[in-house]
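For reference, start.pdb is printed below; it contains PDB, C-alpha atoms.
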```pdb
ATOM      1  CA  MET A 674      56.933  14.403-167.061
ATOM      2  CA  LEU A 675      53.796  15.226-165.109
ATOM      3  CA  ARG A 676      51.966  12.395-163.350
ATOM      4  CA  MET A 677      48.962  12.774-161.068
ATOM      5  CA  PHE A 678      47.851  10.328-158.382
ATOM      6  CA  SER A 679      45.065  10.102-155.873
ATOM      7  CA  THR A 680      43.958   7.590-153.264
ATOM      8  CA  VAL A 681      40.617   6.046-154.247
ATOM      9  CA  ASN A 682      39.021   3.435-151.983
ATOM     10  CA  GLY A 683      42.333   2.893-150.229
ATOM     11  CA  GLN A 684      44.223   2.300-153.504
ATOM     12  CA  ILE A 685      46.592   4.657-155.290
ATOM     13  CA  GLU A 686      45.360   5.436-158.792
ATOM     14  CA  ARG A 687      46.632   7.627-161.574
ATOM     15  CA  ILE A 688      44.314  10.461-162.578
ATOM     16  CA  GLU A 689      44.176  12.817-165.534
ATOM     17  CA  ARG A 690      43.022  15.979-163.761
ATOM     18  CA  PRO A 691      44.096  17.316-160.348
ATOM     19  CA  THR A 692      41.509  16.969-157.585
ATOM     20  CA  ASP A 693      41.475  17.828-153.892
ATOM     21  CA  GLY A 694      43.990  15.723-152.017
ATOM     22  CA  ALA A 695      45.837  14.684-155.187
ATOM     23  CA  TRP A 696      49.567  14.227-155.600
ATOM     24  CA  LEU A 697      51.283  15.826-158.599
ATOM     25  CA  SER A 698      54.681  14.365-159.470
ATOM     26  CA  LEU A 699      56.922  16.447-161.744
ATOM     27  CA  THR A 700      59.978  14.598-163.068
ATOM     28  CA  ASP A 701      62.340  16.526-165.353
ATOM     29  CA  PRO A 702      59.363  18.733-166.274
ATOM     30  CA  THR A 703      59.031  20.818-169.403
ATOM     31  CA  ASP A 704      58.341  24.551-169.292
ATOM     32  CA  ALA A 705      54.760  23.910-170.371
ATOM     33  CA  GLU A 706      54.202  21.446-167.500
ATOM     34  CA  LEU A 707      55.693  23.851-164.978
ATOM     35  CA  ALA A 708      53.521  26.697-166.244
ATOM     36  CA  SER A 709      50.427  24.489-166.127
ATOM     37  CA  VAL A 710      51.045  23.386-162.534
ATOM     38  CA  SER A 711      51.899  26.938-161.488
ATOM     39  CA  GLN A 712      48.632  28.222-162.921
ATOM     40  CA  GLU A 713      46.613  25.359-161.416
ATOM     41  CA  SER A 714      48.094  25.549-157.913
ATOM     42  CA  GLY A 715      49.111  29.192-157.586
ATOM     43  CA  ILE A 716      52.719  28.287-156.828
ATOM     44  CA  ASP A 717      55.407  30.699-157.945
ATOM     45  CA  LEU A 718      57.123  29.398-161.081
ATOM     46  CA  ALA A 719      60.545  30.164-159.583
ATOM     47  CA  ASP A 720      59.787  27.866-156.632
ATOM     48  CA  LEU A 721      58.781  25.080-159.002
ATOM     49  CA  ARG A 722      62.067  25.488-160.866
ATOM     50  CA  ALA A 723      64.213  25.607-157.706
ATOM     51  CA  PRO A 724      64.862  21.833-157.355
ATOM     52  CA  LEU A 725      65.867  21.615-161.020
ATOM     53  CA  ASP A 726      69.190  23.207-160.012
ATOM     54  CA  ASP A 727      71.456  20.433-158.726
ATOM     55  CA  GLU A 728      73.238  22.947-156.467
ATOM     56  CA  GLU A 729      70.034  23.949-154.662
ATOM     57  CA  ARG A 730      70.410  23.668-150.884
ATOM     58  CA  SER A 731      68.023  21.885-148.530
ATOM     59  CA  ARG A 732      65.606  24.244-146.828
ATOM     60  CA  VAL A 733      62.035  24.957-145.772
ATOM     61  CA  ASP A 734      60.228  27.993-147.208
ATOM     62  CA  ALA A 735      56.799  29.051-145.944
ATOM     63  CA  GLU A 736      54.903  31.245-148.386
ATOM     64  CA  ASP A 737      51.397  32.683-148.005
ATOM     65  CA  ASP A 738      49.532  29.847-149.722
ATOM     66  CA  TYR A 739      51.990  26.956-149.647
ATOM     67  CA  THR A 740      55.015  25.455-147.947
ATOM     68  CA  MET A 741      58.056  24.234-149.887
ATOM     69  CA  ILE A 742      60.419  21.611-148.489
ATOM     70  CA  ILE A 743      63.634  20.839-150.367
ATOM     71  CA  VAL A 744      65.768  17.852-149.348
ATOM     72  CA  ASP A 745      68.718  16.100-150.967
ATOM     73  CA  ILE A 746      68.102  12.563-152.190
ATOM     74  CA  PRO A 747      70.656   9.959-153.348
ATOM     75  CA  THR A 748      70.812   8.903-156.954
ATOM     76  CA  VAL A 749      72.914   6.488-158.975
ATOM     77  CA  GLU A 750      74.229   7.109-162.472
ATOM     78  CA  GLU A 751      76.007   4.653-164.752
ATOM     79  CA  ARG A 752      79.195   5.923-166.366
ATOM     80  CA  ASN A 753      81.781   3.802-168.190
ATOM     81  CA  GLY A 754      80.142   0.612-166.985
ATOM     82  CA  ARG A 755      80.236   1.621-163.301
ATOM     83  CA  ASP A 756      77.711   3.081-160.883
ATOM     84  CA  TRP A 757      78.432   6.581-159.602
ATOM     85  CA  TYR A 758      76.541   7.975-156.626
ATOM     86  CA  GLU A 759      75.577  11.592-156.065
ATOM     87  CA  THR A 760      72.801  13.681-154.546
ATOM     88  CA  ILE A 761      70.144  15.820-156.172
ATOM     89  CA  PRO A 762      67.391  18.057-154.724
ATOM     90  CA  LEU A 763      63.783  16.939-154.313
ATOM     91  CA  SER A 764      61.089  19.505-153.627
ATOM     92  CA  ILE A 765      57.886  18.741-151.707
ATOM     93  CA  ILE A 766      55.340  21.545-151.998
ATOM     94  CA  VAL A 767      52.230  21.438-149.851
ATOM     95  CA  THR A 768      49.185  23.575-150.640
ATOM     96  CA  GLU A 769      45.740  23.528-149.117
ATOM     97  CA  ASN A 770      44.447  20.986-151.644
ATOM     98  CA  LEU A 771      47.516  19.441-153.282
ATOM     99  CA  ILE A 772      50.927  18.002-152.587
ATOM    100  CA  ILE A 773      53.477  18.408-155.369
ATOM    101  CA  THR A 774      56.912  16.821-155.777
ATOM    102  CA  VAL A 775      59.485  18.166-158.221
ATOM    103  CA  CYS A 776      62.759  16.458-159.156
ATOM    104  CA  MET A 777      65.164  16.651-162.083
ATOM    105  CA  GLN A 778      65.325  12.834-162.376
ATOM    106  CA  ASP A 779      63.009   9.884-162.044
ATOM    107  CA  THR A 780      63.982   8.815-158.548
ATOM    108  CA  PRO A 781      63.414   5.395-156.927
ATOM    109  CA  VAL A 782      62.533   7.247-153.715
ATOM    110  CA  LEU A 783      59.039   7.920-155.110
ATOM    111  CA  HIS A 784      58.480   4.718-157.090
ATOM    112  CA  PRO A 785      56.910   2.707-154.220
ATOM    113  CA  PHE A 786      54.395   5.513-153.639
ATOM    114  CA  MET A 787      53.371   5.470-157.283
ATOM    115  CA  GLU A 788      53.062   1.678-157.218
ATOM    116  CA  GLY A 789      51.043   1.717-154.014
ATOM    117  CA  THR A 790      53.424  -0.547-152.092
ATOM    118  CA  ILE A 791      53.955   1.816-149.142
ATOM    119  CA  ARG A 792      51.934   0.721-146.154
ATOM    120  CA  GLY A 793      49.514   3.352-144.841
ATOM    121  CA  PHE A 794      50.117   5.721-147.750
ATOM    122  CA  ASN A 795      47.280   8.120-148.556
ATOM    123  CA  THR A 796      47.579  11.212-150.730
ATOM    124  CA  TYR A 797      45.113  13.035-148.499
ATOM    125  CA  MET A 798      47.367  12.692-145.456
ATOM    126  CA  LYS A 799      49.937  15.307-146.424
ATOM    127  CA  SER A 800      51.900  15.354-143.154
ATOM    128  CA  ARG A 801      52.274  11.572-143.162
ATOM    129  CA  PHE A 802      53.160  11.626-146.861
ATOM    130  CA  ILE A 803      56.019  14.048-146.171
ATOM    131  CA  LEU A 804      57.341  11.874-143.336
ATOM    132  CA  GLN A 805      57.041   8.751-145.464
ATOM    133  CA  ILE A 806      59.069  10.389-148.240
ATOM    134  CA  LEU A 807      61.731  11.457-145.746
ATOM    135  CA  TYR A 808      61.817   7.955-144.232
ATOM    136  CA  ARG A 809      62.112   6.370-147.650
ATOM    137  CA  ASN A 810      64.885   8.844-148.495
ATOM    138  CA  ALA A 811      66.860   7.950-145.346
ATOM    139  CA  THR A 812      66.559   4.217-146.090
ATOM    140  CA  MET A 813      67.819   4.827-149.638
ATOM    141  CA  TYR A 814      70.895   6.534-148.203
ATOM    142  CA  LEU A 815      71.492   3.527-145.954
ATOM    143  CA  ARG A 816      71.090   1.161-148.882
ATOM    144  CA  TYR A 817      73.588   3.033-151.067
ATOM    145  CA  LEU A 818      76.023   3.332-148.149
ATOM    146  CA  ARG A 819      76.027  -0.440-147.742
ATOM    147  CA  ILE A 820      76.662  -0.826-151.474
ATOM    148  CA  ILE A 821      79.572   1.616-151.234
ATOM    149  CA  ASP A 822      80.966  -0.354-148.295
ATOM    150  CA  ARG A 823      80.852  -3.601-150.296
ATOM    151  CA  GLU A 824      82.462  -1.825-153.254
ATOM    152  CA  SER A 825      85.289  -0.583-151.042
ATOM    153  CA  ASP A 826      85.861  -4.136-149.735
ATOM    154  CA  ARG A 827      86.084  -5.403-153.305
ATOM    155  CA  LEU A 828      88.599  -2.687-154.187
ATOM    156  CA  GLU A 829      90.610  -3.551-151.086
ATOM    157  CA  LEU A 830      91.123  -7.102-152.330
ATOM    158  CA  LYS A 831      92.306  -5.812-155.704
ATOM    159  CA  LEU A 832      94.659  -3.288-154.170
ATOM    160  CA  ARG A 833      96.526  -5.898-152.159
ATOM    161  CA  HIS A 834      98.429  -6.945-155.288
ATOM    162  CA  SER A 835      97.902  -3.932-157.533
ATOM    163  CA  MET A 836     100.499  -1.526-158.860
ATOM    164  CA  GLN A 837      98.053   0.640-160.807
ATOM    165  CA  ASN A 838      96.310   3.887-159.938
ATOM    166  CA  ARG A 839      92.875   2.825-161.199
ATOM    167  CA  GLU A 840      91.697   1.263-157.948
ATOM    168  CA  ILE A 841      93.011   4.142-155.857
ATOM    169  CA  LEU A 842      91.180   6.633-158.070
ATOM    170  CA  MET A 843      88.000   4.605-157.588
ATOM    171  CA  LEU A 844      88.514   4.767-153.819
ATOM    172  CA  LEU A 845      88.920   8.530-154.076
ATOM    173  CA  GLU A 846      85.644   8.702-156.021
ATOM    174  CA  LEU A 847      83.877   6.734-153.296
ATOM    175  CA  SER A 848      85.368   9.048-150.675
ATOM    176  CA  LYS A 849      84.041  12.047-152.547
ATOM    177  CA  THR A 850      80.607  10.426-152.722
ATOM    178  CA  LEU A 851      80.612   9.885-148.959
ATOM    179  CA  VAL A 852      81.449  13.553-148.402
ATOM    180  CA  TYR A 853      78.441  14.526-150.547
ATOM    181  CA  PHE A 854      76.242  12.061-148.676
ATOM    182  CA  THR A 855      77.328  13.352-145.277
ATOM    183  CA  THR A 856      76.764  16.980-146.246
ATOM    184  CA  SER A 857      73.322  16.219-147.693
ATOM    185  CA  LEU A 858      72.250  14.138-144.710
ATOM    186  CA  LYS A 859      73.223  16.885-142.282
ATOM    187  CA  SER A 860      71.267  19.409-144.350
ATOM    188  CA  ASN A 861      68.259  17.080-144.327
ATOM    189  CA  GLU A 862      68.568  16.789-140.559
ATOM    190  CA  ILE A 863      68.219  20.563-140.242
ATOM    191  CA  VAL A 864      65.117  20.431-142.442
ATOM    192  CA  MET A 865      63.586  17.751-140.186
ATOM    193  CA  GLU A 866      64.229  19.858-137.122
ATOM    194  CA  LYS A 867      62.422  22.778-138.747
ATOM    195  CA  LEU A 868      59.487  20.560-139.682
ATOM    196  CA  THR A 869      58.951  19.554-136.058
ATOM    197  CA  THR A 870      58.426  23.209-135.130
ATOM    198  CA  LEU A 871      56.588  24.339-138.266
ATOM    199  CA  SER A 872      52.961  25.049-137.389
ATOM    200  CA  ARG A 873      51.781  24.734-140.986
ATOM    201  CA  ILE A 874      52.704  21.056-141.093
ATOM    202  CA  LYS A 875      50.278  19.506-138.648
ATOM    203  CA  GLN A 876      51.705  16.892-136.341
ATOM    204  CA  TYR A 877      49.254  14.085-135.622
ATOM    205  CA  PRO A 878      49.722  11.756-132.610
ATOM    206  CA  GLU A 879      49.608   8.668-134.839
ATOM    207  CA  ASP A 880      52.581  10.004-136.828
ATOM    208  CA  GLU A 881      54.890  10.525-133.843
ATOM    209  CA  ASP A 882      56.441   7.063-134.172
ATOM    210  CA  LEU A 883      57.041   7.632-137.881
ATOM    211  CA  LEU A 884      58.733  10.967-137.149
ATOM    212  CA  GLU A 885      61.014   9.300-134.607
ATOM    213  CA  ASP A 886      61.853   6.595-137.149
ATOM    214  CA  VAL A 887      62.713   9.230-139.753
ATOM    215  CA  ILE A 888      65.048  11.064-137.384
ATOM    216  CA  THR A 889      66.644   7.790-136.214
ATOM    217  CA  GLU A 890      67.243   6.516-139.759
ATOM    218  CA  ASN A 891      68.734   9.831-140.826
ATOM    219  CA  LYS A 892      71.087   9.910-137.817
ATOM    220  CA  GLN A 893      72.122   6.329-138.518
ATOM    221  CA  ALA A 894      72.864   7.233-142.125
ATOM    222  CA  ILE A 895      75.008  10.182-140.974
ATOM    223  CA  GLU A 896      76.974   7.943-138.597
ATOM    224  CA  MET A 897      77.498   5.295-141.281
ATOM    225  CA  ALA A 898      78.650   7.897-143.799
ATOM    226  CA  ASN A 899      81.129   9.338-141.289
ATOM    227  CA  ILE A 900      82.478   5.886-140.396
ATOM    228  CA  TYR A 901      82.856   4.771-144.010
ATOM    229  CA  SER A 902      84.420   8.089-144.938
ATOM    230  CA  GLY A 903      87.065   7.722-142.240
ATOM    231  CA  VAL A 904      87.763   4.108-143.197
ATOM    232  CA  LEU A 905      88.115   4.978-146.873
ATOM    233  CA  ALA A 906      90.442   7.888-146.128
ATOM    234  CA  ASN A 907      92.752   5.634-144.111
ATOM    235  CA  MET A 908      92.469   2.866-146.693
ATOM    236  CA  THR A 909      93.399   5.221-149.523
ATOM    237  CA  ASP A 910      96.532   6.396-147.686
ATOM    238  CA  ALA A 911      97.498   2.848-146.764
ATOM    239  CA  PHE A 912      97.125   1.426-150.233
ATOM    240  CA  ALA A 913      98.916   4.354-151.816
ATOM    241  CA  SER A 914     101.889   3.245-149.716
ATOM    242  CA  ILE A 915     101.311  -0.389-150.729
ATOM    243  CA  VAL A 916     101.382   0.516-154.414
ATOM    244  CA  SER A 917     104.605   2.414-153.827
ATOM    245  CA  ASN A 918     106.109  -0.575-151.974
ATOM    246  CA  ASN A 919     105.069  -2.945-154.754
ATOM    247  CA  LEU A 920     106.826  -0.717-157.245
ATOM    248  CA  ASN A 921     109.926  -0.651-155.047
ATOM    249  CA  ASN A 922     109.931  -4.470-154.957
ATOM    250  CA  VAL A 923     109.856  -4.605-158.746
ATOM    251  CA  MET A 924     112.705  -2.117-158.970
ATOM    252  CA  ARG A 925     114.634  -4.212-156.398
ATOM    253  CA  ILE A 926     114.339  -7.288-158.628
ATOM    254  CA  PHE A 927     115.387  -5.350-161.707
ATOM    255  CA  THR A 928     118.385  -3.905-159.850
ATOM    256  CA  ILE A 929     119.578  -7.369-158.751
ATOM    257  CA  ILE A 930     119.191  -8.685-162.307
ATOM    258  CA  SER A 931     121.093  -5.689-163.690
ATOM    259  CA  ILE A 932     124.007  -6.085-161.268
ATOM    260  CA  THR A 933     124.126  -9.840-161.833
ATOM    261  CA  LEU A 934     124.284  -9.461-165.620
ATOM    262  CA  SER A 935     126.958  -6.794-165.391
ATOM    263  CA  ILE A 936     129.557  -9.347-164.159
ATOM    264  CA  PRO A 937     129.625 -11.655-167.228
ATOM    265  CA  THR A 938     129.249  -8.562-169.395
ATOM    266  CA  LEU A 939     132.397  -7.088-167.871
ATOM    267  CA  ILE A 940     134.370 -10.340-168.240
ATOM    268  CA  PHE A 941     133.312 -10.944-171.844
ATOM    269  CA  SER A 942     134.010  -7.308-172.710
ATOM    270  CA  MET A 943     137.585  -7.594-171.499
ATOM    271  CA  TYR A 944     138.105 -10.804-173.468
ATOM    272  CA  GLY A 945     136.683  -9.078-176.525
ATOM    273  CA  MET A 946     139.529  -6.537-176.590
ATOM    274  CA  ASN A 947     142.427  -6.832-179.003
ATOM    275  CA  PHE A 948     145.503  -8.027-177.081
ATOM    276  CA  GLN A 949     148.808  -9.120-178.438
ATOM    277  CA  GLN A 950     149.426 -12.817-178.309
ATOM    278  CA  GLY A 951     151.810 -13.964-175.621
ATOM    279  CA  GLY A 952     153.755 -11.907-173.139
ATOM    280  CA  MET A 953     152.294  -9.886-170.310
ATOM    281  CA  LEU A 954     149.529  -8.430-172.422
ATOM    282  CA  GLY A 955     147.765 -11.690-173.083
ATOM    283  CA  MET A 956     144.487 -12.517-171.273
ATOM    284  CA  PRO A 957     144.441 -15.514-168.916
ATOM    285  CA  LEU A 958     143.475 -18.853-170.438
ATOM    286  CA  THR A 959     143.642 -17.495-173.989
ATOM    287  CA  GLY A 960     145.994 -20.282-174.950
ATOM    288  CA  ASN A 961     144.158 -23.016-173.107
ATOM    289  CA  ARG A 962     142.041 -25.472-175.066
ATOM    290  CA  TRP A 963     139.241 -25.213-172.512
ATOM    291  CA  GLY A 964     139.778 -21.533-171.834
ATOM    292  CA  PHE A 965     136.458 -20.354-173.293
ATOM    293  CA  LEU A 966     134.457 -22.884-171.268
ATOM    294  CA  ILE A 967     136.369 -22.057-168.085
ATOM    295  CA  VAL A 968     135.691 -18.321-168.506
ATOM    296  CA  ILE A 969     131.950 -18.991-168.939
ATOM    297  CA  VAL A 970     131.822 -21.221-165.840
ATOM    298  CA  VAL A 971     133.763 -18.676-163.766
ATOM    299  CA  SER A 972     131.488 -15.823-164.863
ATOM    300  CA  MET A 973     128.361 -17.854-164.085
ATOM    301  CA  LEU A 974     129.780 -18.818-160.690
ATOM    302  CA  LEU A 975     130.580 -15.213-159.840
ATOM    303  CA  SER A 976     127.098 -14.133-160.965
ATOM    304  CA  ALA A 977     125.500 -16.783-158.743
ATOM    305  CA  ILE A 978     127.559 -15.646-155.736
ATOM    306  CA  VAL A 979     126.655 -11.993-156.301
ATOM    307  CA  THR A 980     122.964 -12.867-156.720
ATOM    308  CA  TRP A 981     122.988 -14.881-153.497
ATOM    309  CA  PHE A 982     124.671 -12.017-151.651
ATOM    310  CA  LEU A 983     122.322  -9.327-152.987
ATOM    311  CA  THR A 984     119.127 -11.254-152.237
ATOM    312  CA  ARG A 985     120.210 -11.523-148.601
ATOM    313  CA  SER A 986     121.646  -8.078-148.258
ATOM    314  CA  ARG A 987     119.777  -5.562-146.102
ATOM    315  CA  LEU A 988     120.145  -3.001-148.827
ATOM    316  CA  PHE A 989     117.744  -4.951-151.061
ATOM    317  CA  ARG A 990     115.134  -6.042-148.493
TER
END
```
The structure in this file should be written as structure tokens.
Amino acid sequence: MLRMFSTVNGQIERIERPTDGAWLSLTDPTDAELASVSQESGIDLADLRAPLDDEERSRVDAEDDYTMIIVDIPTVEERNGRDWYETIPLSIIVTENLIITVCMQDTPVLHPFMEGTIRGFNTYMKSRFILQILYRNATMYLRYLRIIDRESDRLELKLRHSMQNREILMLLELSKTLVYFTTSLKSNEIVMEKLTTLSRIKQYPEDEDLLEDVITENKQAIEMANIYSGVLANMTDAFASIVSNNLNNVMRIFTIISITLSIPTLIFSMYGMNFQQGGMLGMPLTGNRWGFLIVIVVSMLLSAIVTWFLTRSRLFR
């Protein structure tokens, strides 16, 4: 999808044809849209296609007529009723007259710019626009990191009494997401450092505070990702042990039940054998009127004693 915007009388408006100072937003573009923008702006078609590869690395490329900045942005995808977080590339291409963004998905990073809700946003101010996108990107990372932290807390409560692998696998997925976030944020930090020394991107005095805010937010996101990643790694190991202990407790109960039931089983099995009546071969109490009841009471008493002993034995604690 190709959408064009321009600032008119201080308001962001959508336009049909590119003009000087316009912003062209390409989202999951078709080949025809890419060819049209390439012909209109003089940008190499391969550079326009670069961010459509989800493995594209963050970098800054300075060509003769334009400068291309590729950064990783966070995105959320719903799968099996759950949100999964990952990163995808976003390209910002600056020419003499235009600024062009290319992304494989419709990202919420750019939505406020299209809606005109970003304070001080002007399509003509390309340097500020780039910094505003980077600032918005860093805040999105922080937002998703807080969501991941709350999700890990929710999983922690479930894992306290869980004996299933589902929650642990979800923790592993969150850990993998944090690794992706950390790697992308560090790559973006390198891009920001290059931008501060790139002569093509003019640095205006009024944008110095915004640049400092961008760098600060990105560093904060890196620190949060590292902290959460370490916490999740320790939590995963701890709860893997908890699940194993819970399983051991269940097996302990089953073992006590099995040993307890084996006593009356043994007694009744012996009484079920064929013995001759009378003499030394007869079973005790076989001739007693209350023999059957006495055998049951004795077996139950022995089972109770064994159960009491096993539940207090160190072997089953």
Cys776 (chain A) environment, 9 Å, all atoms listed in the file, sequence neighbours closer than 3 positions dropped, as a short mmCIF file (atom, residue, chain, number, x, y, z; two decimals) with C-alpha atoms, in the coordinates of the input:
```
data_model
loop_
_atom_site.label_atom_id
_atom_site.label_comp_id
_atom_site.auth_asym_id
_atom_site.auth_seq_id
_atom_site.Cartn_x
_atom_site.Cartn_y
_atom_site.Cartn_z
CA SER A 698 54.68 14.36 -159.47
CA LEU A 699 56.92 16.45 -161.74
CA THR A 700 59.98 14.60 -163.07
CA ASP A 701 62.34 16.53 -165.35
CA PRO A 702 59.36 18.73 -166.27
CA PRO A 724 64.86 21.83 -157.35
CA LEU A 725 65.87 21.62 -161.02
CA ILE A 761 70.14 15.82 -156.17
CA PRO A 762 67.39 18.06 -154.72
CA LEU A 763 63.78 16.94 -154.31
CA SER A 764 61.09 19.50 -153.63
CA ASP A 779 63.01 9.88 -162.04
CA THR A 780 63.98 8.82 -158.55
#
```
Calculate how many Å separate CA of Ile772 (chain A) from CA of Arg801 (chain A), rounding to one decimal.
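Spanning CA of Ile772 (chain A) to CA of Arg801 (chain A) is a straight-line distance of 11.5 Å.
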Pick from A:Ser976, A:Thr850, A:Ser800, A:Asn682, whichever lies nearest to Thr748 (chain A) using only C-alpha atoms
A:Thr850
Given the file above and the PyMOL selection byres ((chain A and resi 692) around 10), which residues are selected, and can you give them as a PyMOL selection string?
chain A and resi 677-679+688-691+693-697+770-771
What would the file look like if the residues just selected were written as a PDB file, in the coordinates of the input with C-alpha atoms?
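Saved to out_23.pdb:
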```
ATOM      1  CA  MET A 677      48.962  12.774-161.068  1.00  0.00           C
ATOM      2  CA  PHE A 678      47.851  10.328-158.382  1.00  0.00           C
ATOM      3  CA  SER A 679      45.065  10.102-155.873  1.00  0.00           C
ATOM      4  CA  ILE A 688      44.314  10.461-162.578  1.00  0.00           C
ATOM      5  CA  GLU A 689      44.176  12.817-165.534  1.00  0.00           C
ATOM      6  CA  ARG A 690      43.022  15.979-163.761  1.00  0.00           C
ATOM      7  CA  PRO A 691      44.096  17.316-160.348  1.00  0.00           C
ATOM      8  CA  ASP A 693      41.475  17.828-153.892  1.00  0.00           C
ATOM      9  CA  GLY A 694      43.990  15.723-152.017  1.00  0.00           C
ATOM     10  CA  ALA A 695      45.837  14.684-155.187  1.00  0.00           C
ATOM     11  CA  TRP A 696      49.567  14.227-155.600  1.00  0.00           C
ATOM     12  CA  LEU A 697      51.283  15.826-158.599  1.00  0.00           C
ATOM     13  CA  ASN A 770      44.447  20.986-151.644  1.00  0.00           C
ATOM     14  CA  LEU A 771      47.516  19.441-153.282  1.00  0.00           C
TER      15      LEU A 771
END
```
Starting from the PyMOL selection byres ((chain A and resi 930-935) around 12), expand the selection into actual residues of this file and give them as JSON, numbers by chain.
{"A": [923, 924, 925, 926, 927, 928, 929, 936, 937, 938, 939, 940, 941, 942, 972, 973, 974, 975, 976, 977, 978, 979, 980, 981, 982, 983, 984, 989]}
Closest of A:Ala723, A:Leu884, A:Leu905, A:Ile685 to Met787 (chain A) - atom-to-atom distances counting all atoms listed in the file
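For Met787 (chain A), the nearest of the candidates is A:Ile685.
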Would you write out, as a PyMOL selection string, every residue that the PyMOL selection byres ((chain A and resi 710) around 12) captures in this file?
chain A and resi 674-677+690-691+696-699+702-709+711-718+720-722+766+771-775
Take the residues that were just selected and, keeping C-alpha atoms, output them as a tab-separated table (two decimals), keeping the file's coordinate frame.
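This went into out.tsv:
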```tsv
chain	number	residue	atom	x	y	z
A	674	MET	CA	56.93	14.40	-167.06
A	675	LEU	CA	53.80	15.23	-165.11
A	676	ARG	CA	51.97	12.40	-163.35
A	677	MET	CA	48.96	12.77	-161.07
A	690	ARG	CA	43.02	15.98	-163.76
A	691	PRO	CA	44.10	17.32	-160.35
A	696	TRP	CA	49.57	14.23	-155.60
A	697	LEU	CA	51.28	15.83	-158.60
A	698	SER	CA	54.68	14.36	-159.47
A	699	LEU	CA	56.92	16.45	-161.74
A	702	PRO	CA	59.36	18.73	-166.27
A	703	THR	CA	59.03	20.82	-169.40
A	704	ASP	CA	58.34	24.55	-169.29
A	705	ALA	CA	54.76	23.91	-170.37
A	706	GLU	CA	54.20	21.45	-167.50
A	707	LEU	CA	55.69	23.85	-164.98
A	708	ALA	CA	53.52	26.70	-166.24
A	709	SER	CA	50.43	24.49	-166.13
A	711	SER	CA	51.90	26.94	-161.49
A	712	GLN	CA	48.63	28.22	-162.92
A	713	GLU	CA	46.61	25.36	-161.42
A	714	SER	CA	48.09	25.55	-157.91
A	715	GLY	CA	49.11	29.19	-157.59
A	716	ILE	CA	52.72	28.29	-156.83
A	717	ASP	CA	55.41	30.70	-157.94
A	718	LEU	CA	57.12	29.40	-161.08
A	720	ASP	CA	59.79	27.87	-156.63
A	721	LEU	CA	58.78	25.08	-159.00
A	722	ARG	CA	62.07	25.49	-160.87
A	766	ILE	CA	55.34	21.54	-152.00
A	771	LEU	CA	47.52	19.44	-153.28
A	772	ILE	CA	50.93	18.00	-152.59
A	773	ILE	CA	53.48	18.41	-155.37
A	774	THR	CA	56.91	16.82	-155.78
A	775	VAL	CA	59.48	18.17	-158.22
```
Mind checking which residues fall within 12 Å of Glu890 (chain A), counting all atoms listed in the file, ignoring those fewer than 3 positions away in the same chain, and posting them as a ChimeraX atom specification?
/A:804-805,807-816,858,861-862,865,883-887,893-897
Counting all atoms listed in the file, the option among A:His784, A:Arg962, A:Arg752, A:Arg819 closest to Leu851 (chain A)
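Ranked by minimum distance to Leu851 (chain A), first place goes to A:Arg819.
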So how many Å separate CA of Ser902 (chain A) and CA of Glu846 (chain A), to one decimal?
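Rounded to one decimal, the two atoms are 11.2 Å apart.
What separates CA of Asn891 (chain A) from CA of Thr909 (chain A) is a distance of 26.6 Å.
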Minimum-distance residue to Ile863 (chain A), chosen among A:Thr680, A:Asn907, A:Ser731, A:Thr768 (using all atoms listed in the file)
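Answer, going by the shortest atom-to-atom distance: A:Ser731.
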Show me, as JSON, the centre and edge lengths in Å to one decimal of the axis-aligned box that covers every listed atom of region 736-743 of chain A with 3 Å on each side.
```
{"center_x": 56.6, "center_y": 26.8, "center_z": -149.2, "size_x": 20.1, "size_y": 17.8, "size_z": 8.4}
```
Return the single residue from A:Leu871, A:Ile969, A:Ile742, A:Ile821 that is closest to Leu845 (chain A), with distances computed using all atoms listed in the file.
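Between A:Leu871, A:Ile969, A:Ile742, A:Ile821, the residue approaching Leu845 (chain A) most closely is A:Ile821.
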Could you check the closest approach to Asp738 (chain A) for each of A:Val852, A:Asp756, A:Glu769, A:Val970 and tell me which residue wins, using only C-alpha atoms?
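Answer, going by the shortest atom-to-atom distance: A:Glu769.
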